[in-house]
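Enquirer: Coordinates in input.txt, compact mmCIF, C-alpha atoms, are listed below.
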# COMPACT_ATOMS: atom_id res chain seq x y z
CA MET A 1 76.48 68.59 81.76
CA PHE A 2 80.11 68.09 80.66
CA ALA A 3 79.35 69.97 77.45
CA ARG A 4 78.06 72.93 79.47
CA VAL A 5 81.14 72.90 81.69
CA GLY A 6 83.36 72.82 78.62
CA GLU A 7 81.47 75.69 77.03
CA TRP A 8 81.72 77.72 80.26
CA ARG A 9 85.47 77.07 80.43
CA ILE A 10 86.00 78.18 76.83
CA ASN A 11 83.90 81.34 77.29
CA THR A 12 85.49 82.22 80.62
CA PHE A 13 89.15 81.78 79.64
CA ARG A 14 89.10 82.52 75.91
CA ALA A 15 91.50 85.49 76.16
CA LEU A 16 94.19 83.13 77.48
CA GLY A 17 94.17 81.47 74.07
CA HIS A 18 96.26 84.43 72.84
CA PRO A 19 99.90 83.53 73.71
CA ASN A 20 101.24 87.02 74.43
CA TYR A 21 98.34 87.86 76.70
CA ARG A 22 98.76 84.49 78.45
CA ARG A 23 102.46 85.16 79.16
CA TYR A 24 101.67 88.57 80.56
CA TRP A 25 98.75 87.24 82.64
CA LEU A 26 100.79 84.44 84.26
CA SER A 27 103.69 86.76 85.11
CA GLN A 28 101.29 89.23 86.68
CA LEU A 29 99.67 86.50 88.72
CA LEU A 30 103.00 85.52 90.28
CA SER A 31 104.11 89.10 90.90
CA LEU A 32 100.79 90.11 92.43
CA VAL A 33 100.91 87.25 94.94
CA GLY A 34 104.05 88.89 96.31
CA SER A 35 102.48 92.34 96.17
CA TRP A 36 99.46 91.22 98.18
CA MET A 37 101.67 89.55 100.79
CA GLN A 38 103.47 92.87 101.11
CA THR A 39 100.24 94.89 101.26
CA THR A 40 98.82 92.70 104.02
CA ALA A 41 102.10 92.76 105.93
CA GLN A 42 102.27 96.54 105.58
CA GLN A 43 98.77 96.95 106.99
CA TYR A 44 99.69 94.78 109.95
CA LEU A 45 103.00 96.61 110.34
CA VAL A 46 101.18 99.95 110.55
CA LEU A 47 98.83 98.60 113.22
CA GLU A 48 101.83 97.28 115.18
CA LEU A 49 103.74 100.56 114.95
CA SER A 50 100.70 102.67 115.84
CA GLY A 51 99.19 100.54 118.61
CA GLY A 52 96.10 99.59 116.57
CA SER A 53 95.21 103.04 115.20
CA SER A 54 92.63 103.26 112.40
CA ALA A 55 93.83 106.82 111.79
CA ALA A 56 97.36 105.56 111.07
CA LEU A 57 95.97 103.09 108.53
CA GLY A 58 94.05 105.95 106.96
CA TYR A 59 97.12 108.21 106.75
CA VAL A 60 99.25 105.52 105.09
CA THR A 61 96.44 104.86 102.62
CA VAL A 62 96.26 108.59 101.87
CA ALA A 63 100.01 108.64 101.23
CA GLN A 64 99.72 105.62 98.93
CA PHE A 65 96.79 106.83 96.85
CA MET A 66 97.27 110.61 96.88
CA PRO A 67 99.61 110.46 93.85
CA SER A 68 96.79 108.92 91.80
CA LEU A 69 94.62 111.88 92.76
CA LEU A 70 97.36 114.32 91.76
CA LEU A 71 99.06 112.63 88.80
CA SER A 72 96.54 110.38 87.03
CA LEU A 73 95.49 112.87 84.33
CA PHE A 74 99.11 113.75 83.53
CA ALA A 75 100.05 110.04 83.63
CA GLY A 76 97.35 109.18 81.09
CA ALA A 77 98.69 111.71 78.62
CA ILE A 78 102.20 110.25 79.06
CA VAL A 79 100.93 106.69 78.54
CA ASP A 80 99.32 107.77 75.24
CA ARG A 81 102.61 109.18 73.92
CA VAL A 82 105.42 107.07 75.46
CA PRO A 83 106.00 103.36 74.61
CA ARG A 84 104.22 101.30 77.25
CA ARG A 85 107.19 98.98 77.73
CA ARG A 86 109.29 101.93 78.89
CA VAL A 87 106.57 103.10 81.26
CA LEU A 88 106.10 99.64 82.79
CA LEU A 89 109.82 98.92 83.21
CA THR A 90 110.30 102.25 84.98
CA THR A 91 107.36 101.77 87.34
CA GLN A 92 108.34 98.20 88.18
CA MET A 93 111.90 99.20 89.07
CA VAL A 94 110.60 101.93 91.39
CA LEU A 95 108.20 99.48 93.06
CA LEU A 96 111.04 96.97 93.44
CA ALA A 97 113.21 99.59 95.15
CA THR A 98 110.49 100.56 97.62
CA ALA A 99 109.79 96.90 98.49
CA LEU A 100 113.47 96.24 99.12
CA THR A 101 113.79 99.33 101.33
CA LEU A 102 110.77 98.28 103.38
CA ALA A 103 112.17 94.75 103.75
CA VAL A 104 115.61 95.84 104.93
CA THR A 105 114.41 98.52 107.36
CA THR A 106 111.82 96.19 108.89
CA HIS A 107 114.40 93.41 109.21
CA LEU A 108 116.84 95.77 110.96
CA GLY A 109 114.11 97.13 113.24
CA VAL A 110 114.56 100.74 112.11
CA VAL A 111 111.25 101.03 110.24
CA SER A 112 108.90 103.81 111.37
CA LEU A 113 105.50 105.19 110.44
CA PRO A 114 106.96 108.22 108.61
CA LEU A 115 109.19 105.89 106.59
CA VAL A 116 106.26 103.61 105.72
CA MET A 117 104.24 106.65 104.66
CA GLY A 118 107.11 107.96 102.53
CA LEU A 119 107.58 104.62 100.78
CA ALA A 120 103.83 104.35 100.28
CA PHE A 121 103.87 107.77 98.59
CA VAL A 122 106.72 106.79 96.25
CA SER A 123 104.93 103.54 95.37
CA GLY A 124 101.77 105.52 94.75
CA CYS A 125 103.61 107.78 92.29
CA ALA A 126 104.78 104.70 90.36
CA ASN A 127 101.30 103.17 90.42
CA ALA A 128 99.75 106.39 89.08
CA PHE A 129 101.58 105.64 85.80
CA ASP A 130 101.51 101.85 86.07
CA MET A 131 97.74 101.43 86.34
CA PRO A 132 96.63 103.28 83.18
CA ALA A 133 99.47 101.65 81.23
CA ARG A 134 98.33 98.18 82.28
CA GLN A 135 94.65 98.86 81.74
CA SER A 136 95.19 100.34 78.29
CA MET A 137 97.54 97.56 77.13
CA VAL A 138 94.80 94.89 77.19
CA VAL A 139 93.84 95.83 73.63
CA ASP A 140 97.46 95.28 72.53
CA PHE A 141 97.28 91.52 72.98
CA VAL A 142 93.67 90.49 72.31
CA PRO A 143 91.11 91.34 69.59
CA ARG A 144 88.17 93.59 70.41
CA GLU A 145 85.73 90.72 70.92
CA ALA A 146 87.97 89.36 73.70
CA VAL A 147 88.59 92.68 75.50
CA SER A 148 85.77 92.24 78.04
CA ASN A 149 86.99 88.74 78.84
CA ALA A 150 90.61 89.92 79.16
CA VAL A 151 89.56 92.70 81.56
CA ALA A 152 87.72 90.15 83.69
CA LEU A 153 90.71 87.80 83.64
CA ASN A 154 92.97 90.67 84.70
CA SER A 155 90.67 91.15 87.68
CA LEU A 156 90.70 87.41 88.25
CA SER A 157 94.51 87.33 88.44
CA PHE A 158 94.40 90.33 90.77
CA ASN A 159 92.02 88.55 93.10
CA VAL A 160 93.50 85.05 92.84
CA SER A 161 96.74 86.71 93.90
CA ARG A 162 94.91 88.63 96.63
CA THR A 163 93.47 85.38 97.97
CA LEU A 164 96.78 83.53 97.82
CA GLY A 165 98.89 86.44 99.03
CA GLN A 166 96.70 87.34 101.98
CA ALA A 167 96.22 83.71 103.00
CA LEU A 168 99.97 83.08 102.71
CA PHE A 169 100.72 86.12 104.87
CA GLY A 170 99.70 84.24 108.03
CA VAL A 171 102.02 81.36 107.15
CA VAL A 172 104.86 83.58 105.97
CA ALA A 173 104.68 85.73 109.11
CA VAL A 174 105.13 82.60 111.23
CA LEU A 175 108.11 81.57 109.10
CA GLY A 176 109.48 85.07 109.56
CA ILE A 177 109.57 84.48 113.30
CA GLN A 178 111.78 81.43 112.78
CA LEU A 179 113.99 82.87 110.05
CA LEU A 180 114.38 86.54 110.96
CA ALA A 181 112.98 87.44 114.36
CA GLY A 182 113.35 84.71 116.96
CA ASP A 183 110.17 85.62 118.83
CA ALA A 184 106.58 86.60 118.00
CA THR A 185 106.94 90.16 119.30
CA ASN A 186 109.94 91.14 117.18
CA ILE A 187 108.79 93.33 114.31
CA ALA A 188 111.54 91.88 112.10
CA ARG A 189 109.23 88.89 111.47
CA LEU A 190 107.19 91.07 109.10
CA ALA A 191 110.21 91.61 106.81
CA PHE A 192 109.93 88.11 105.30
CA PRO A 193 106.81 88.90 103.18
CA PHE A 194 108.58 92.00 101.88
CA TYR A 195 111.63 89.97 100.81
CA LEU A 196 109.41 87.46 99.01
CA ASN A 197 107.74 90.30 97.13
CA VAL A 198 111.14 91.58 96.02
CA ALA A 199 111.88 88.14 94.56
CA SER A 200 108.55 88.05 92.68
CA PHE A 201 109.47 91.07 90.55
CA GLY A 202 111.84 88.92 88.49
CA ALA A 203 109.10 87.22 86.46
CA VAL A 204 107.19 90.35 85.49
CA LEU A 205 110.37 92.28 84.58
CA TYR A 206 111.48 89.44 82.32
CA VAL A 207 108.12 89.24 80.54
CA ILE A 208 107.83 93.00 80.06
CA THR A 209 111.35 93.04 78.60
CA THR A 210 110.68 90.21 76.14
CA LEU A 211 107.00 90.70 75.29
CA PRO A 212 106.46 91.93 71.69
CA PHE A 213 104.44 95.09 72.26
CA PRO A 214 102.75 96.08 68.99
CA ALA A 215 103.74 99.39 67.46
CA ARG A 216 101.33 102.26 68.02
CA PRO A 217 101.35 104.56 64.99
CA GLY A 218 100.79 108.25 65.37
CA LEU A 219 101.87 108.78 68.98
CA GLU A 220 100.87 112.31 70.01
CA ARG A 221 103.61 114.92 70.32
CA GLY A 222 101.51 118.02 71.07
CA LYS A 223 101.13 119.73 74.43
CA VAL A 224 100.39 117.45 77.36
CA SER A 225 97.82 119.96 78.61
CA ASP A 226 95.94 119.73 75.29
CA ASP A 227 95.92 115.93 75.53
CA ILE A 228 94.50 116.09 79.04
CA ARG A 229 91.75 118.51 77.99
CA GLU A 230 90.82 116.29 75.06
CA GLY A 231 90.37 113.30 77.36
CA LEU A 232 88.30 115.32 79.82
CA ARG A 233 86.08 116.68 77.05
CA TYR A 234 85.42 113.17 75.79
CA VAL A 235 84.38 111.85 79.19
CA ARG A 236 82.23 114.89 79.96
CA SER A 237 80.36 114.59 76.65
CA THR A 238 79.89 110.79 76.77
CA PRO A 239 77.18 109.81 79.29
CA ALA A 240 77.90 106.07 79.02
CA VAL A 241 81.45 106.64 80.27
CA ARG A 242 80.83 109.63 82.53
CA ASN A 243 78.09 108.04 84.65
CA VAL A 244 79.98 104.77 85.08
CA MET A 245 82.98 106.74 86.33
CA LEU A 246 80.80 108.75 88.69
CA LEU A 247 79.43 105.54 90.20
CA VAL A 248 82.91 104.06 90.63
CA GLY A 249 84.23 107.28 92.16
CA LEU A 250 81.38 107.69 94.65
CA LEU A 251 81.49 104.07 95.79
CA SER A 252 85.29 104.26 96.07
CA LEU A 253 84.80 107.24 98.35
CA THR A 254 82.41 105.30 100.60
CA VAL A 255 82.14 101.50 100.64
CA ILE A 256 85.15 100.44 98.54
CA ASN A 257 87.63 100.98 101.37
CA PHE A 258 88.29 97.42 102.43
CA ASN A 259 92.01 98.06 102.79
CA ILE A 260 90.92 100.03 105.89
CA ILE A 261 87.81 98.08 106.89
CA ILE A 262 89.21 94.53 106.84
CA PRO A 263 92.42 95.07 108.87
CA TYR A 264 90.66 97.32 111.39
CA PHE A 265 87.73 94.98 111.96
CA ALA A 266 90.05 91.95 112.12
CA ARG A 267 92.63 93.44 114.49
CA VAL A 268 90.57 95.85 116.60
CA VAL A 269 86.88 94.92 116.42
CA TYR A 270 87.37 91.12 116.41
CA GLY A 271 90.71 91.11 118.25
CA GLU A 272 92.39 88.64 115.87
CA ARG A 273 96.08 88.05 115.13
CA GLU A 274 98.07 87.49 111.91
CA ALA A 275 96.66 84.11 110.82
CA ALA A 276 92.98 85.07 111.22
CA PHE A 277 93.68 88.50 109.72
CA GLY A 278 95.14 86.86 106.62
CA LEU A 279 92.26 84.36 106.46
CA LEU A 280 89.57 87.06 106.57
CA SER A 281 91.38 88.95 103.83
CA ALA A 282 91.61 85.73 101.82
CA PHE A 283 87.85 85.13 102.08
CA PHE A 284 87.30 88.59 100.66
CA GLY A 285 89.65 87.65 97.84
CA VAL A 286 87.80 84.37 97.20
CA GLY A 287 84.56 86.28 96.78
CA ALA A 288 86.25 88.80 94.50
CA MET A 289 87.67 85.94 92.45
CA GLY A 290 84.16 84.51 92.10
CA GLY A 291 82.87 87.87 90.90
CA ALA A 292 85.65 88.13 88.32
CA LEU A 293 85.02 84.57 87.07
CA TRP A 294 81.30 85.24 86.80
CA GLN A 295 81.92 88.39 84.80
CA ALA A 296 84.49 86.67 82.58
CA SER A 297 81.76 84.40 81.20
CA LYS A 298 79.35 87.27 80.48
CA PRO A 299 79.39 88.81 76.99
CA ASN A 300 77.62 92.04 78.02
CA PRO A 301 79.42 93.80 80.90
CA VAL A 302 76.84 96.56 81.51
CA ARG A 303 74.17 94.23 82.89
CA ASN A 304 75.83 93.77 86.26
CA LEU A 305 76.74 97.37 87.10
CA ARG A 306 73.63 97.71 89.24
CA TYR A 307 73.57 94.15 90.61
CA GLY A 308 77.19 94.31 91.74
CA SER A 309 76.61 97.64 93.50
CA VAL A 310 73.57 96.32 95.37
CA ILE A 311 75.38 93.15 96.50
CA LEU A 312 78.34 95.24 97.68
CA ILE A 313 76.22 97.64 99.73
CA VAL A 314 73.98 94.98 101.30
CA SER A 315 76.91 92.76 102.27
CA THR A 316 78.73 95.74 103.81
CA VAL A 317 75.74 96.33 106.08
CA ALA A 318 75.76 92.62 106.93
CA LEU A 319 79.45 92.88 107.88
CA ALA A 320 78.68 95.73 110.26
CA LEU A 321 76.11 93.52 112.01
CA THR A 322 78.31 90.40 112.16
CA PRO A 323 79.35 89.62 115.75
CA GLY A 324 82.62 87.73 115.19
CA SER A 325 85.34 86.78 112.72
CA LEU A 326 83.98 83.28 112.00
CA LEU A 327 80.72 84.63 110.59
CA ALA A 328 82.50 87.59 109.03
CA ALA A 329 84.43 85.35 106.63
CA PRO A 330 81.51 84.43 104.30
CA VAL A 331 80.13 87.97 104.57
CA LEU A 332 83.46 89.34 103.37
CA ALA A 333 83.33 86.86 100.49
CA ALA A 334 80.00 88.41 99.48
CA CYS A 335 81.55 91.88 99.75
CA GLY A 336 84.37 90.81 97.43
CA PHE A 337 81.94 89.25 94.96
CA GLY A 338 79.84 92.41 94.77
CA MET A 339 82.83 94.72 94.49
CA LEU A 340 84.46 92.80 91.62
CA THR A 341 81.17 92.29 89.79
CA LEU A 342 80.79 96.07 89.81
CA LEU A 343 84.39 96.95 88.98
CA VAL A 344 84.84 94.43 86.14
CA SER A 345 81.53 95.56 84.64
CA ALA A 346 82.59 99.21 84.91
CA ASN A 347 86.09 98.69 83.51
CA SER A 348 84.88 96.57 80.59
CA THR A 349 82.11 99.04 79.74
CA VAL A 350 84.59 101.92 79.61
CA GLN A 351 87.23 99.92 77.68
CA LEU A 352 84.74 98.84 75.01
CA THR A 353 83.27 102.34 74.61
CA ILE A 354 86.35 104.54 74.23
CA PRO A 355 88.37 105.03 71.00
CA ASP A 356 91.94 103.67 70.97
CA HIS A 357 93.69 107.03 70.59
CA LEU A 358 92.15 108.24 73.88
CA ARG A 359 92.60 104.98 75.79
CA GLY A 360 95.49 106.00 78.04
CA ARG A 361 93.90 109.32 79.00
CA VAL A 362 90.43 107.93 79.65
CA MET A 363 91.75 104.95 81.62
CA SER A 364 93.90 107.31 83.67
CA LEU A 365 90.71 109.19 84.54
CA TYR A 366 89.14 105.85 85.47
CA SER A 367 92.15 105.20 87.73
CA PHE A 368 91.68 108.70 89.12
CA VAL A 369 88.12 108.04 90.24
CA LEU A 370 88.85 104.49 91.45
CA VAL A 371 92.21 104.89 93.17
CA GLY A 372 92.30 108.67 93.52
CA MET A 373 89.28 108.58 95.79
CA GLY A 374 91.39 106.42 98.11
CA PRO A 375 92.84 109.32 100.17
CA PRO A 376 89.54 111.06 101.03
CA GLY A 377 87.83 107.66 101.25
CA ALA A 378 90.47 106.39 103.67
CA LEU A 379 90.08 109.45 105.89
CA LEU A 380 86.29 109.19 105.79
CA SER A 381 86.14 105.45 106.51
CA SER A 382 88.85 105.47 109.18
CA ALA A 383 87.06 108.31 110.99
CA LEU A 384 83.62 106.67 110.80
CA ILE A 385 84.67 103.14 111.87
CA ASN A 386 86.90 104.28 114.71
CA LYS A 387 85.73 102.41 117.82
CA ASP A 388 86.28 105.56 119.89
CA GLY A 389 84.36 107.78 117.47
CA PRO A 390 80.82 109.08 117.96
CA LEU A 391 79.26 106.21 116.00
CA GLY A 392 81.56 103.32 116.86
CA SER A 393 82.88 100.78 114.36
CA ARG A 394 79.63 99.04 113.44
CA TRP A 395 77.34 102.04 113.03
CA GLY A 396 80.14 103.89 111.25
CA LEU A 397 80.30 101.10 108.66
CA ILE A 398 76.51 101.23 108.23
CA VAL A 399 76.75 104.97 107.54
CA LEU A 400 79.40 104.30 104.87
CA ALA A 401 77.06 101.77 103.22
CA ALA A 402 74.17 104.25 103.40
CA LEU A 403 76.25 106.90 101.63
CA GLY A 404 77.06 104.34 98.93
CA LEU A 405 73.37 103.51 98.54
CA ILE A 406 72.46 107.19 98.10
CA SER A 407 75.12 107.47 95.38
CA LEU A 408 73.79 104.39 93.57
CA LEU A 409 70.18 105.56 93.67
CA ALA A 410 71.16 109.00 92.35
CA LEU A 411 72.77 107.39 89.27
CA TRP A 412 70.49 104.35 88.83
CA ARG A 413 68.57 105.60 85.78
CA ARG A 414 71.60 107.24 84.17
CA LEU A 415 73.78 104.14 84.04
CA PRO A 416 73.98 102.51 80.58
CA ARG A 417 71.79 99.49 79.86
CA VAL A 418 73.29 98.50 76.50
CA LEU A 419 76.88 98.45 75.28
CA VAL A 420 77.82 100.67 72.36
CA GLY A 421 81.15 100.86 70.54
CA PRO A 422 83.29 103.98 70.16
CA GLU A 423 81.81 104.62 66.72
CA ALA A 424 78.26 104.86 68.11
CA VAL A 425 78.67 106.61 71.46
CA PRO A 426 75.85 109.08 72.11
CA ALA A 427 76.92 112.51 73.26
CA ASP A 428 75.04 115.20 75.19
Show me this structure written as structure tokens.
Expert:
Amino acid sequence: MFARVGEWRINTFRALGHPNYRRYWLSQLLSLVGSWMQTTAQQYLVLELSGGSSAALGYVTVAQFMPSLLLSLFAGAIVDRVPRRRVLLTTQMVLLATALTLAVTTHLGVVSLPLVMGLAFVSGCANAFDMPARQSMVVDFVPREAVSNAVALNSLSFNVSRTLGQALFGVVAVLGIQLLAGDATNIARLAFPFYLNVASFGAVLYVITTLPFPARPGLERGKVSDDIREGLRYVRSTPAVRNVMLLVGLLSLTVINFNIIIPYFARVVYGEREAAFGLLSAFFGVGAMGGALWQASKPNPVRNLRYGSVILIVSTVALALTPGSLLAAPVLAACGFGMLTLLVSANSTVQLTIPDHLRGRVMSLYSFVLVGMGPPGALLSSALINKDGPLGSRWGLIVLAALGLISLLALWRRLPRVLVGPEAVPAD
């Protein structure tokens, strides 16, 4: 038994045996805890400013993710030609500035929905460059045989931080009352999570500055438009990559909208406050963490593309039928498990299929279909789950799950069943 546990531990965390990757991973974990505290606080702030409006949540999400829809392809070409350290330092400084602005304006009580939307848009512009840079840099610090594991561990850090950050939000918001606000109705209490996020940027900025990024010979210096077309041609002519991206994009448009679903169901459908809101979000993160851990121990990422999608869709229907927040917690854990099983499988499959010289451009397209579908997905989900809409919150969520199921069935036979390297990718 102990031998099996030891073998599982080695297989699951083997990428952390590479020192540079380990430094980067630990710094990201700390920084993302702060980011998730801020994200959760921002969602609650929007609901407070709007009187519990799902439409307001949707509009802020559109502002945050619209830049990925508009800029991802251009960002990928830039990532393939500019040193990644420079890209990451620039994006982190922009994100630091937006977090500080949100903290100060909330503390002073002058924050407004238009300001939150504007800051969300600026952050989204930074993230449009940050995401493909981070996703493509995995291969800089681990050998090819550890890439799938490193991708899963990246998702693990993302979801460990989600779990910790969202769970801590309830505690931090209470501390904010004592330190900044004086009473539970003063919106200044929500500034404390934003200040903590500002502080968390120190670790990741230090690591990015001191990490020895390997040189990338032969950086492209042609036209950016030609680079973009080359990446698009590759994806279009490579079914193993194209169909995985289609699945991720369609599910992101429908059921992968938990940044809208969780806060709205917690605050409006279940009538909960900060602590329970953070706890429900944390359960989702625990499930996502489990999905990432499970995938980290699997050598072949393509096997769970279908299984993860099915778990995600079924658990979303179960959430729609759940009567209260107590029972919703384990259901949200199942949603998180299914979503991360799917996304880690998809990301690893793409990363292990594409050639290195196209990595930034193809991963930017992956970001485009995952994050870029956020704006239309946010509008669709916020409209369908609105309690005052024609379907109501619960039936609206079931319709979202049904649309996801139709998308999965349409692509079921086209999804890859075996993993092939970039030298053996079949083309149409």
Enquirer: Taking 6 positions as the minimum chain separation for residues in the same chain, which residues sit within 10 Å of A:Thr105 when counting only C-alpha atoms? Answer as a VMD selection string.
Expert: chain A and resid 111 to 112 115 to 116 188 191
Enquirer: Could you tell me which of A:Gln28, A:Ala266, A:Ala99, A:Phe283 comes closest to A:Leu47 if we count all atoms listed in the file?
Expert: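 That would be A:Ala266, the residue with the smallest distance to A:Leu47.
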Enquirer: Closest to A:Ala146 among A:Thr209, A:Thr163, A:Gln92, A:Ser348, using only C-alpha atoms?
Expert: A:Ser348
Enquirer: Taking all atoms listed in the file into account, which of A:Ala41, A:Leu409, A:Val79, A:Val286 comes nearest A:Leu156?
Expert: A:Val286
Enquirer: Let me make sure I understand: among A:Gly202, A:Pro132, A:Pro83, A:Gly58, which one has the smallest atom-to-atom distance to A:Leu358 if we use only C-alpha atoms?
Expert: A:Pro132
Enquirer: Which one is closest to A:Val104: A:Arg85, A:Arg361, A:Arg189, A:Arg417? Count all atoms listed in the file.
Expert: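 Among A:Arg85, A:Arg361, A:Arg189, A:Arg417, it is A:Arg189 that comes nearest to A:Val104.
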Enquirer: Counting only C-alpha atoms, what is within 6 Å of stretch 35-40 of chain A, bar same-chain residues fewer than 6 positions away, as a PDB file with C-alpha atoms, keeping the file's coordinate frame?
Expert:
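And here's part-v7.pdb as it stands now:
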ATOM      1  CA  ARG A 162      94.910  88.630  96.630  1.00  0.00           C
ATOM      2  CA  GLY A 165      98.890  86.440  99.030  1.00  0.00           C
ATOM      3  CA  GLN A 166      96.700  87.340 101.980  1.00  0.00           C
ATOM      4  CA  PHE A 169     100.720  86.120 104.870  1.00  0.00           C
ATOM      5  CA  PRO A 193     106.810  88.900 103.180  1.00  0.00           C
ATOM      6  CA  PHE A 194     108.580  92.000 101.880  1.00  0.00           C
ATOM      7  CA  ASN A 197     107.740  90.300  97.130  1.00  0.00           C
TER       8      ASN A 197
END
Enquirer: Go through A:Thr322, A:Ser309, A:Ser155, A:Asn127 one by one, measure the shortest atom-to-atom distance of each to A:Trp294 using all atoms listed in the file, and give the residue with the smallest value.
Expert: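 Distance minimum relative to A:Trp294 lands on A:Ser155.
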Enquirer: I'd like the contact shell of A:Thr341 - 9 Å cut-off, all atoms listed in the file, skipping same-chain residues fewer than 4 positions apart - returned as an NGL selection string.
Expert: :A and (288 or 290-292 or 294-295 or 304-305 or 307-309 or 311-312 or 336-337 or 345-346)
Enquirer: How would stretch 56-70 of chain A look with N, CA, C and O atoms restored, written as a compact mmCIF listing (two decimals), keeping the file's coordinate frame?
Expert:
# COMPACT_ATOMS: atom_id res chain seq x y z
N ALA A 56 96.07 105.83 111.70
CA ALA A 56 97.36 105.56 111.07
C ALA A 56 97.17 104.79 109.77
O ALA A 56 97.83 105.08 108.76
N LEU A 57 96.28 103.81 109.77
CA LEU A 57 95.97 103.09 108.53
C LEU A 57 95.46 104.05 107.47
O LEU A 57 95.83 103.97 106.30
N GLY A 58 94.60 104.97 107.90
CA GLY A 58 94.05 105.95 106.96
C GLY A 58 95.13 106.86 106.39
O GLY A 58 95.15 107.13 105.18
N TYR A 59 96.06 107.31 107.22
CA TYR A 59 97.12 108.21 106.75
C TYR A 59 98.05 107.52 105.75
O TYR A 59 98.46 108.12 104.75
N VAL A 60 98.40 106.25 106.02
CA VAL A 60 99.25 105.52 105.09
C VAL A 60 98.52 105.30 103.76
O VAL A 60 99.12 105.40 102.68
N THR A 61 97.23 105.03 103.83
CA THR A 61 96.44 104.86 102.62
C THR A 61 96.38 106.16 101.83
O THR A 61 96.47 106.16 100.59
N VAL A 62 96.24 107.28 102.53
CA VAL A 62 96.26 108.59 101.87
C VAL A 62 97.59 108.79 101.15
O VAL A 62 97.64 109.21 99.99
N ALA A 63 98.70 108.48 101.84
CA ALA A 63 100.01 108.64 101.23
C ALA A 63 100.16 107.76 99.99
O ALA A 63 100.77 108.16 99.00
N GLN A 64 99.58 106.56 100.03
CA GLN A 64 99.72 105.62 98.93
C GLN A 64 98.89 106.01 97.72
O GLN A 64 99.32 105.81 96.57
N PHE A 65 97.70 106.56 97.96
CA PHE A 65 96.79 106.83 96.85
C PHE A 65 96.70 108.30 96.45
O PHE A 65 96.11 108.62 95.43
N MET A 66 97.27 109.19 97.25
CA MET A 66 97.27 110.61 96.88
C MET A 66 97.92 110.88 95.53
O MET A 66 97.42 111.71 94.75
N PRO A 67 99.03 110.20 95.18
CA PRO A 67 99.61 110.46 93.85
C PRO A 67 98.64 110.18 92.70
O PRO A 67 98.69 110.87 91.68
N SER A 68 97.77 109.17 92.86
CA SER A 68 96.79 108.92 91.80
C SER A 68 95.82 110.08 91.67
O SER A 68 95.37 110.42 90.56
N LEU A 69 95.50 110.72 92.79
CA LEU A 69 94.62 111.88 92.76
C LEU A 69 95.31 113.05 92.07
O LEU A 69 94.68 113.81 91.34
N LEU A 70 96.62 113.18 92.27
CA LEU A 70 97.36 114.32 91.76
C LEU A 70 97.91 114.11 90.35
O LEU A 70 98.01 115.06 89.57
